[in-house]
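Peer 1: Just query18.txt, nothing more (compact mmCIF, C-alpha atoms and all ligand atoms):
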# COMPACT_ATOMS: atom_id res chain seq x y z
CA MET A 269 0.00 0.00 0.00
CA LYS A 270 0.86 3.63 0.53
CA ASP A 271 2.02 4.61 -2.92
CA ILE A 272 0.35 7.78 -4.08
CA ASN A 273 -0.48 7.90 -7.73
CA ASN A 274 2.78 9.32 -9.07
CA GLY A 275 4.88 6.61 -7.45
CA LEU A 276 5.82 8.54 -4.30
CA LEU A 277 5.71 6.70 -1.02
CA ARG A 278 3.45 7.74 1.79
CA THR A 279 5.70 8.53 4.76
CA LEU A 280 3.20 7.63 7.45
CA TYR A 281 -0.39 6.54 7.88
CA PHE A 282 -2.81 5.58 10.61
CA ASP A 283 -3.89 1.95 10.73
CA THR A 284 -7.57 2.15 11.68
CA GLU A 285 -7.80 -1.59 12.32
CA THR A 286 -5.22 -1.51 15.10
CA GLU A 287 -5.36 2.22 15.96
CA GLU A 288 -1.58 2.49 15.46
CA LEU A 289 0.62 5.01 13.69
CA VAL A 290 2.73 3.39 10.95
CA ILE A 291 5.83 5.18 9.64
CA ILE A 292 8.59 4.45 7.18
CA ASP A 293 11.75 4.08 9.28
CA GLN A 294 13.84 6.73 7.52
CA THR A 295 17.07 5.61 9.20
CA ARG A 296 16.93 2.49 6.98
CA LEU A 297 16.50 4.27 3.64
CA PRO A 298 17.50 3.95 0.91
CA GLY A 299 18.74 0.40 1.52
CA GLU A 300 15.61 -1.03 3.08
CA LEU A 301 11.96 -0.01 3.11
CA VAL A 302 10.92 -0.88 6.66
CA TYR A 303 7.64 0.17 8.29
CA LYS A 304 7.51 0.75 12.03
CA ARG A 305 4.32 0.60 14.15
CA ILE A 306 3.95 3.12 16.96
CA SER A 307 1.48 3.01 19.83
CA THR A 308 3.54 3.98 22.89
CA ALA A 309 5.01 7.30 23.99
CA ARG A 310 8.48 5.76 24.28
CA ASP A 311 8.38 4.50 20.67
CA LEU A 312 7.08 7.83 19.41
CA TYR A 313 9.75 9.78 21.30
CA GLU A 314 12.57 7.47 20.11
CA SER A 315 11.34 7.56 16.51
CA ILE A 316 11.48 11.36 16.45
CA LYS A 317 14.76 11.57 18.37
CA THR A 318 16.58 9.05 16.14
CA LEU A 319 15.12 10.56 12.92
CA ALA A 320 13.18 7.43 11.99
CA LEU A 321 10.35 9.99 11.83
CA ARG A 322 11.86 13.26 10.62
CA GLY A 323 11.27 16.41 8.60
CA ALA A 324 9.22 19.13 10.27
CA PRO A 325 5.73 18.41 8.85
CA ALA A 326 6.10 14.63 9.22
CA ILE A 327 7.17 15.10 12.83
CA GLY A 328 4.07 17.24 13.46
CA VAL A 329 1.58 14.92 11.79
CA GLY A 330 3.29 11.83 13.24
CA ALA A 331 3.22 13.36 16.72
CA ALA A 332 -0.53 14.09 16.42
CA LEU A 333 -1.46 10.60 15.18
CA GLY A 334 1.01 8.97 17.57
CA LEU A 335 -0.35 10.90 20.55
CA TYR A 336 -3.84 9.71 19.71
CA ALA A 337 -2.55 6.10 19.43
CA CYS A 338 -0.99 6.44 22.89
CA ALA A 339 -4.13 8.00 24.38
CA TYR A 340 -6.26 5.19 22.95
CA ARG A 341 -4.29 2.86 25.23
CA PHE A 342 -4.44 4.96 28.41
CA GLU A 343 -5.92 3.06 31.34
CA ASP A 344 -7.30 6.16 33.07
CA VAL A 345 -10.99 5.88 33.87
CA THR A 346 -11.62 9.47 34.98
CA ALA A 347 -11.57 12.48 32.67
CA GLU A 348 -9.14 14.26 35.04
CA GLY A 349 -6.74 11.31 35.07
CA PHE A 350 -6.91 11.02 31.29
CA SER A 351 -6.21 14.75 30.79
CA TYR A 352 -3.28 14.57 33.18
CA SER A 353 -1.78 11.56 31.38
CA PHE A 354 -2.27 13.26 28.02
CA LYS A 355 -0.61 16.48 29.19
CA LYS A 356 2.39 14.52 30.52
CA THR A 357 2.64 12.55 27.28
CA CYS A 358 2.56 15.77 25.23
CA GLU A 359 5.33 17.24 27.39
CA PHE A 360 7.43 14.11 26.90
CA ILE A 361 6.94 14.03 23.12
CA SER A 362 7.62 17.79 22.86
CA SER A 363 11.01 17.23 24.50
CA SER A 364 12.19 14.89 21.71
CA ARG A 365 13.54 17.67 19.43
CA PRO A 366 13.57 21.45 20.01
CA THR A 367 13.71 23.19 16.62
CA ALA A 368 10.81 22.22 14.36
CA ARG A 369 7.74 24.33 15.13
CA ASP A 370 5.41 21.62 13.76
CA LEU A 371 6.04 19.38 16.76
CA PHE A 372 4.83 22.04 19.21
CA TYR A 373 2.04 23.15 16.86
CA ALA A 374 0.70 19.57 16.79
CA CYS A 375 1.04 19.04 20.55
CA GLU A 376 -0.72 22.36 21.29
CA ARG A 377 -3.61 21.49 18.98
CA MET A 378 -3.92 18.00 20.46
CA GLU A 379 -3.95 19.33 24.03
CA ALA A 380 -6.68 21.80 23.09
CA ALA A 381 -8.65 18.95 21.49
CA CYS A 382 -8.33 16.88 24.66
CA GLY A 383 -9.76 19.82 26.61
CA ARG A 384 -12.83 19.96 24.38
CA GLY A 385 -14.10 16.53 25.52
CA LYS A 386 -15.83 16.19 28.90
CA THR A 387 -15.65 12.42 29.35
CA VAL A 388 -12.81 10.01 28.49
CA LYS A 389 -14.84 8.79 25.51
CA GLU A 390 -15.41 12.33 24.24
CA LYS A 391 -11.76 13.24 24.74
CA LEU A 392 -10.66 10.25 22.70
CA ALA A 393 -13.11 11.12 19.95
CA GLU A 394 -11.82 14.72 19.86
CA LEU A 395 -8.19 13.54 19.74
CA ARG A 396 -8.91 11.14 16.89
CA LYS A 397 -10.73 13.85 14.92
CA GLU A 398 -7.99 16.44 15.51
CA SER A 399 -5.12 14.13 14.56
CA PHE A 400 -6.88 13.15 11.33
CA ALA A 401 -7.55 16.84 10.61
CA ILE A 402 -3.87 17.72 11.11
CA GLU A 403 -2.90 14.94 8.69
CA LYS A 404 -5.46 16.03 6.05
CA GLU A 405 -4.49 19.70 6.34
CA ASN A 406 -0.84 18.82 5.83
CA ILE A 407 -1.60 16.97 2.62
CA GLU A 408 -3.62 19.93 1.31
CA VAL A 409 -0.96 22.45 2.36
CA CYS A 410 1.78 20.52 0.54
CA HIS A 411 -0.29 20.36 -2.65
CA SER A 412 -0.98 24.13 -2.46
CA ILE A 413 2.72 24.84 -2.00
CA GLY A 414 3.33 22.65 -5.05
CA SER A 415 0.84 24.62 -7.17
CA PHE A 416 2.16 28.05 -6.17
CA GLY A 417 5.83 27.03 -6.35
CA GLU A 418 5.47 25.32 -9.72
CA LYS A 419 5.01 28.72 -11.37
CA LEU A 420 8.59 29.61 -10.40
CA LEU A 421 9.99 26.70 -12.42
CA THR A 422 10.57 27.03 -16.14
CA ASN A 423 10.88 24.13 -18.54
CA GLY A 424 14.46 22.81 -18.44
CA CYS A 425 15.45 24.70 -15.28
CA ALA A 426 17.95 23.43 -12.70
CA VAL A 427 16.92 23.54 -9.04
CA ILE A 428 19.22 23.06 -6.08
CA THR A 429 17.87 21.82 -2.75
CA HIS A 430 19.29 20.99 0.66
CA CYS A 431 18.38 18.18 3.09
CA ASN A 432 15.07 16.44 2.43
CA ALA A 433 11.92 18.49 2.17
CA GLY A 434 10.10 16.12 -0.14
CA SER A 435 7.40 13.51 0.32
CA LEU A 436 9.46 11.92 3.12
CA CYS A 437 9.33 15.12 5.20
CA ALA A 438 5.53 15.25 5.16
CA VAL A 439 2.66 12.82 4.71
CA GLU A 440 3.14 12.94 0.93
CA TYR A 441 4.40 15.34 -1.77
CA GLY A 442 6.49 17.44 0.62
CA THR A 443 7.18 21.16 0.70
CA ALA A 444 10.36 22.21 -1.14
CA LEU A 445 10.07 19.32 -3.60
CA ALA A 446 6.31 19.78 -4.12
CA PRO A 447 6.83 22.44 -6.85
CA ILE A 448 9.19 20.02 -8.62
CA TYR A 449 6.63 17.18 -8.54
CA GLU A 450 3.92 19.57 -9.67
CA ALA A 451 6.07 20.92 -12.53
CA ALA A 452 6.90 17.36 -13.63
CA SER A 453 3.23 16.38 -13.59
CA ASN A 454 2.54 19.43 -15.79
CA GLY A 455 5.05 18.17 -18.33
CA LYS A 456 7.96 20.47 -17.46
CA LYS A 457 11.44 19.00 -17.45
CA VAL A 458 13.15 20.01 -14.22
CA ARG A 459 16.66 19.00 -13.20
CA VAL A 460 17.52 18.79 -9.51
CA TYR A 461 20.90 19.10 -7.80
CA ALA A 462 20.62 17.55 -4.33
CA ASP A 463 23.12 18.58 -1.64
CA GLU A 464 24.19 15.38 0.14
CA THR A 465 23.57 17.17 3.49
CA ARG A 466 26.18 16.13 5.98
CA PRO A 467 26.28 14.81 8.61
CA LEU A 468 23.30 12.46 8.27
CA LEU A 469 22.97 12.60 4.49
CA GLN A 470 19.26 13.28 4.22
CA GLY A 471 19.92 14.67 0.74
CA ALA A 472 21.93 11.71 -0.53
CA ARG A 473 19.81 9.04 1.16
CA LEU A 474 16.29 10.48 1.10
CA THR A 475 15.97 13.25 -1.49
CA CYS A 476 17.82 11.23 -4.13
CA PHE A 477 15.79 8.13 -3.23
CA GLU A 478 12.43 9.81 -3.65
CA LEU A 479 13.33 11.95 -6.68
CA CYS A 480 14.85 8.99 -8.53
CA ASN A 481 11.77 6.88 -7.66
CA ALA A 482 9.61 9.62 -9.15
CA GLY A 483 11.69 9.70 -12.35
CA ILE A 484 13.07 13.22 -11.80
CA ASP A 485 16.48 14.02 -13.36
CA THR A 486 18.59 14.17 -10.17
CA THR A 487 22.29 14.85 -9.58
CA LEU A 488 23.86 14.32 -6.17
CA ILE A 489 26.54 16.78 -5.05
CA CYS A 490 28.63 17.19 -1.91
CA ASP A 491 27.53 20.24 0.07
CA ASN A 492 30.71 22.14 -0.79
CA MET A 493 30.12 21.87 -4.55
CA ALA A 494 27.13 24.21 -4.78
CA ALA A 495 29.18 27.42 -5.18
CA GLY A 496 31.14 25.94 -8.06
CA LEU A 497 27.96 24.95 -9.86
CA MET A 498 26.53 28.44 -9.39
CA ALA A 499 29.77 30.07 -10.57
CA ALA A 500 29.50 28.00 -13.75
CA GLY A 501 25.91 29.24 -14.24
CA ASN A 502 24.43 25.80 -13.78
CA ILE A 503 21.78 26.62 -11.15
CA ASP A 504 18.62 28.61 -11.88
CA ILE A 505 16.87 28.52 -8.51
CA ALA A 506 17.25 27.17 -4.96
CA ILE A 507 14.29 25.82 -2.97
CA VAL A 508 14.65 24.55 0.59
CA GLY A 509 12.29 23.58 3.40
CA CYS A 510 12.20 25.05 6.89
CA ASP A 511 11.70 23.97 10.48
CA ARG A 512 10.67 27.28 12.02
CA VAL A 513 10.03 30.77 10.68
CA ALA A 514 10.38 33.74 13.06
CA ALA A 515 8.06 36.78 12.91
CA ASN A 516 10.56 38.76 10.80
CA GLY A 517 11.00 35.95 8.25
CA ASP A 518 14.33 34.57 9.50
CA PHE A 519 14.09 30.80 9.40
CA ALA A 520 15.83 27.66 10.67
CA ASN A 521 16.50 24.71 8.41
CA LYS A 522 19.03 21.88 8.19
CA THR A 523 22.59 22.97 8.85
CA GLY A 524 24.18 24.12 5.60
CA THR A 525 21.10 26.03 4.41
CA LEU A 526 22.72 29.32 5.41
CA SER A 527 25.80 28.58 3.25
CA LEU A 528 23.54 27.80 0.33
CA ALA A 529 21.66 31.09 0.83
CA VAL A 530 24.93 33.07 1.02
CA ASN A 531 26.15 31.40 -2.17
CA CYS A 532 22.86 32.19 -3.91
CA ALA A 533 23.08 35.86 -2.88
CA HIS A 534 26.66 36.06 -4.15
CA PHE A 535 25.89 34.49 -7.53
CA GLY A 536 22.45 36.06 -8.01
CA VAL A 537 20.53 32.78 -7.81
CA PRO A 538 16.93 33.23 -6.49
CA PHE A 539 16.60 31.55 -3.10
CA TYR A 540 13.16 30.32 -2.04
CA VAL A 541 11.94 28.66 1.14
CA ALA A 542 8.82 26.49 1.25
CA ALA A 543 7.13 27.58 4.47
CA PRO A 544 3.82 26.06 5.54
CA SER A 545 1.97 28.07 8.21
CA SER A 546 2.55 25.24 10.72
CA THR A 547 6.24 26.23 10.75
CA VAL A 548 5.55 29.88 11.60
CA ASP A 549 6.30 30.98 15.16
CA LYS A 550 4.95 34.48 15.74
CA SER A 551 6.18 34.44 19.34
CA ILE A 552 9.78 34.63 18.13
CA PRO A 553 10.77 38.08 16.83
CA ASN A 554 13.80 36.96 14.83
CA GLY A 555 16.01 33.97 14.11
CA SER A 556 18.35 34.50 17.05
CA ALA A 557 15.60 33.25 19.38
CA ILE A 558 15.13 29.93 17.56
CA VAL A 559 16.41 27.04 19.69
CA ILE A 560 18.90 25.05 17.66
CA GLU A 561 19.28 21.35 18.35
CA HIS A 562 22.84 20.07 18.85
CA ARG A 563 23.30 16.38 18.19
CA LYS A 564 25.79 13.63 19.03
CA PRO A 565 29.45 14.05 17.94
CA GLU A 566 29.37 10.57 16.39
CA GLU A 567 27.14 11.91 13.63
CA VAL A 568 30.15 13.90 12.45
CA THR A 569 33.06 11.67 13.43
CA GLU A 570 31.63 8.44 12.08
CA TYR A 571 30.26 7.80 8.64
CA PHE A 572 26.57 7.32 9.42
CA TYR A 573 27.50 5.67 12.75
CA LYS A 574 29.54 2.99 10.98
CA ASP A 575 33.16 3.85 10.17
CA ARG A 576 35.28 6.19 12.26
CA MET A 577 36.64 9.09 10.18
CA SER A 578 38.28 11.27 12.85
CA PRO A 579 40.43 10.81 15.94
CA ALA A 580 38.35 9.98 19.01
CA GLU A 581 39.70 12.97 20.99
CA VAL A 582 38.72 15.65 18.47
CA LYS A 583 36.16 18.27 19.55
CA VAL A 584 32.99 18.33 17.47
CA TYR A 585 30.49 21.09 16.64
CA ASN A 586 27.24 19.55 15.44
CA PRO A 587 24.24 21.88 15.25
CA ALA A 588 21.47 20.14 13.33
CA PHE A 589 20.11 23.44 11.99
CA ASP A 590 21.24 26.94 11.12
CA VAL A 591 19.34 30.20 10.74
CA THR A 592 19.06 32.03 7.44
CA PRO A 593 18.21 35.75 7.70
CA ALA A 594 15.13 37.01 5.86
CA SER A 595 17.38 39.38 3.89
CA LEU A 596 18.76 36.40 1.94
CA VAL A 597 15.32 35.03 1.02
CA THR A 598 13.90 35.88 -2.40
CA GLY A 599 10.51 34.39 -1.56
CA TYR A 600 8.50 32.22 0.82
CA ILE A 601 6.33 29.62 -0.90
CA THR A 602 3.34 29.14 1.38
CA GLU A 603 -0.05 27.46 1.04
CA ASN A 604 -1.49 30.95 0.49
CA GLY A 605 0.88 32.10 -2.24
CA VAL A 606 4.46 33.28 -2.71
CA PHE A 607 5.58 36.25 -0.62
CA ASN A 608 8.82 38.21 -0.74
CA ASN A 609 10.84 39.06 2.35
CA LYS A 610 9.08 42.45 2.74
CA GLU A 611 5.60 40.90 2.54
CA ILE A 612 6.21 37.85 4.73
CA SER A 613 5.79 39.59 8.09
CA GLU A 614 2.30 40.67 6.97
CA PHE A 615 1.45 37.10 5.95
CA ILE A 616 2.76 35.84 9.26
O1 LIG B 1 16.90 16.65 10.98
P1 LIG B 1 15.80 16.53 9.98
O2 LIG B 1 16.06 15.49 8.94
O3 LIG B 1 14.44 16.39 10.62
O4 LIG B 1 15.82 17.94 9.24
C1 LIG B 1 14.89 18.20 8.25
C2 LIG B 1 15.03 19.51 7.63
O5 LIG B 1 15.85 20.32 7.98
C3 LIG B 1 14.04 19.83 6.58
O6 LIG B 1 14.60 20.63 5.57
C4 LIG B 1 12.92 20.60 7.26
O7 LIG B 1 12.37 19.83 8.31
C5 LIG B 1 11.88 21.00 6.34
S1 LIG B 1 10.95 19.66 5.80
C6 LIG B 1 9.63 20.46 5.10
Here is a file; write its structure as structure tokens.
Peer 2:
Amino acid sequence: MKDINNGLLRTLYFDTETEELVIIDQTRLPGELVYKRISTARDLYESIKTLALRGAPAIGVGAALGLYACAYRFEDVTAEGFSYSFKKTCEFISSSRPTARDLFYACERMEAACGRGKTVKEKLAELRKESFAIEKENIEVCHSIGSFGEKLLTNGCAVITHCNAGSLCAVEYGTALAPIYEAASNGKKVRVYADETRPLLQGARLTCFELCNAGIDTTLICDNMAAGLMAAGNIDIAIVGCDRVAANGDFANKTGTLSLAVNCAHFGVPFYVAAPSSTVDKSIPNGSAIVIEHRKPEEVTEYFYKDRMSPAEVKVYNPAFDVTPASLVTGYITENGVFNNKEISEFI
């Protein structure tokens, strides 16, 4: 199951026979396509933490469906006990990763849904309805981003992207890759250069996997090759995803996005960010307030946790994300249209 019509995989779904969340374990791609069933808070937390479930929108939708699957199994008989357990579970899941706004957006919506029910039965019904709504909205948002972003792509153009913001970062279709899928389905020929995205290679492993599966002309590059390609005039446009957008339009995305944006500014390549409203955080005035996750040194010193590449005693700096200032953004592709960096604060 779970192919959508153009051959893309569905990243996650809810099994209504068992009331479990089912995800593709993204740590196993591209070598193996393994599905993982989630119905406990520990499994949900670990899946997000280890990046089995990753990419901002997928984390948000997965958290919502996973929280409902956990709540379905609560043994609390009173409404108060149920609400308390749900609140604690939301706090635990929210502590899995700090940067992507979608995780907190989903937990906040689910907690509000829990509050709308008076009895345990009503609370469960509200949680089920809300998690399904979050999933459906995400699918619609990604398709809208695809339609608006597609207009930026001309026949034969070359797009560069960083990390994975495709179907694997959402339920399906994705954000930054949605315009590419939409352009391809409209008969445009689009070439994609995919940054490998060190340290965990989401570009090499995931973006190349899904683009090649979809029959898109894809070239893998090391992250440090982008400037050379731009200098040679080989890139027409950059499109990336984002994990959190501050009120002034600064945004956090996978580490290395900032370098790409600086390169684009230097070489005059338009730089776009696909930004669904679930990533917007109005409470944060600018990018300096975005909490950046730092991850284990082994992600840098060992090749995908397998072969040691550096001396054991070396110090390691491993922020999972960096912040790109709004001044470097040509446009934000949202579900409501494309906005430039002067307009975005109004949209937000
Ligand atoms: O650490 P990851 O793989 O979860 O990081 C993912 C990214 O940085 C994506 O570009 C981002 O979540 C946007 S996905 C629409």
Peer 1: Just need the box for ligand LIG 1 (chain B), edges along x, y and z, holding every atom the file lists for it with 6 Å tacked onto each side, so centre and edge lengths in Å to one decimal, as JSON.
Peer 2:
{"center_x": 13.3, "center_y": 18.2, "center_z": 8.0, "size_x": 19.3, "size_y": 17.5, "size_z": 17.9}
Peer 1: Residues contacting ligand LIG 1 (chain B) - anything with an atom at most 7 Å away, using all atoms listed in the file - can you give me those as a VMD selection string?
Peer 2: chain A and resid 319 322 to 325 368 430 to 434 437 to 438 442 to 444 470 508 to 511 521 to 522 588 to 589
Peer 1: Excluding Ile505 in chain A and its own-chain neighbours fewer than 2 positions away, which residues fall within 7 Å of it when counting all atoms listed in the file? Please give them as a list in words.
Peer 2: Ala426, Val427, Ile428, Ile503, Ile507, Val537, Pro538 and Phe539 of chain A
Peer 1: Of the candidates A:Ala500, A:Val584, A:Ala446, A:Ala542, which one gets nearest to Pro467 in chain A if we count all atoms listed in the file?
Peer 2: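 With all atoms listed in the file as the atom set, the closest residue is A:Val584.
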Peer 1: Between A:Thr387, A:Asn406, A:Thr486, A:Thr523, which one has atoms that come closest to Asn586 in chain A, using only C-alpha atoms?
Peer 2: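 Of the candidates, the smallest distance to Asn586 in chain A is held by A:Thr523.
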Peer 1: Could you check how far CA of Lys355 in chain A sits from CA of Ala374 in chain A, in Å to one decimal?
Peer 2: 12.8 Å
Peer 1: List the neighbours of Gly501 in chain A out to 10 Å using all atoms listed in the file; skip same-chain residues closer than 2 positions along the sequence, and give me the result as a ChimeraX atom specification.
Peer 2: /A:426,495-499,503-504,535-537
Peer 1: So how far away is CA of Asp518 in chain A from CA of Ser556 in chain A, in Å?
Peer 2: 8.6 Å
Peer 1: Counting all atoms listed in the file, what is within 7 Å of range 326-333 of chain A, bar same-chain residues fewer than 6 positions away, as JSON, numbers by chain?
Peer 2: {"A": [282, 289, 316, 370, 371, 374, 375, 378, 399, 402, 403, 437, 438, 439]}
Peer 1: Counting all atoms listed in the file, which of A:Thr295, A:Ser545, A:Asn554, A:Asn608 gets nearest to Val409 in chain A?
Peer 2: A:Ser545
Peer 1: Between CA of Cys410 in chain A and CA of Tyr281 in chain A, what is the distance, to one decimal in Å?
Peer 2: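 Here the two named atoms are 15.9 Å from each other.
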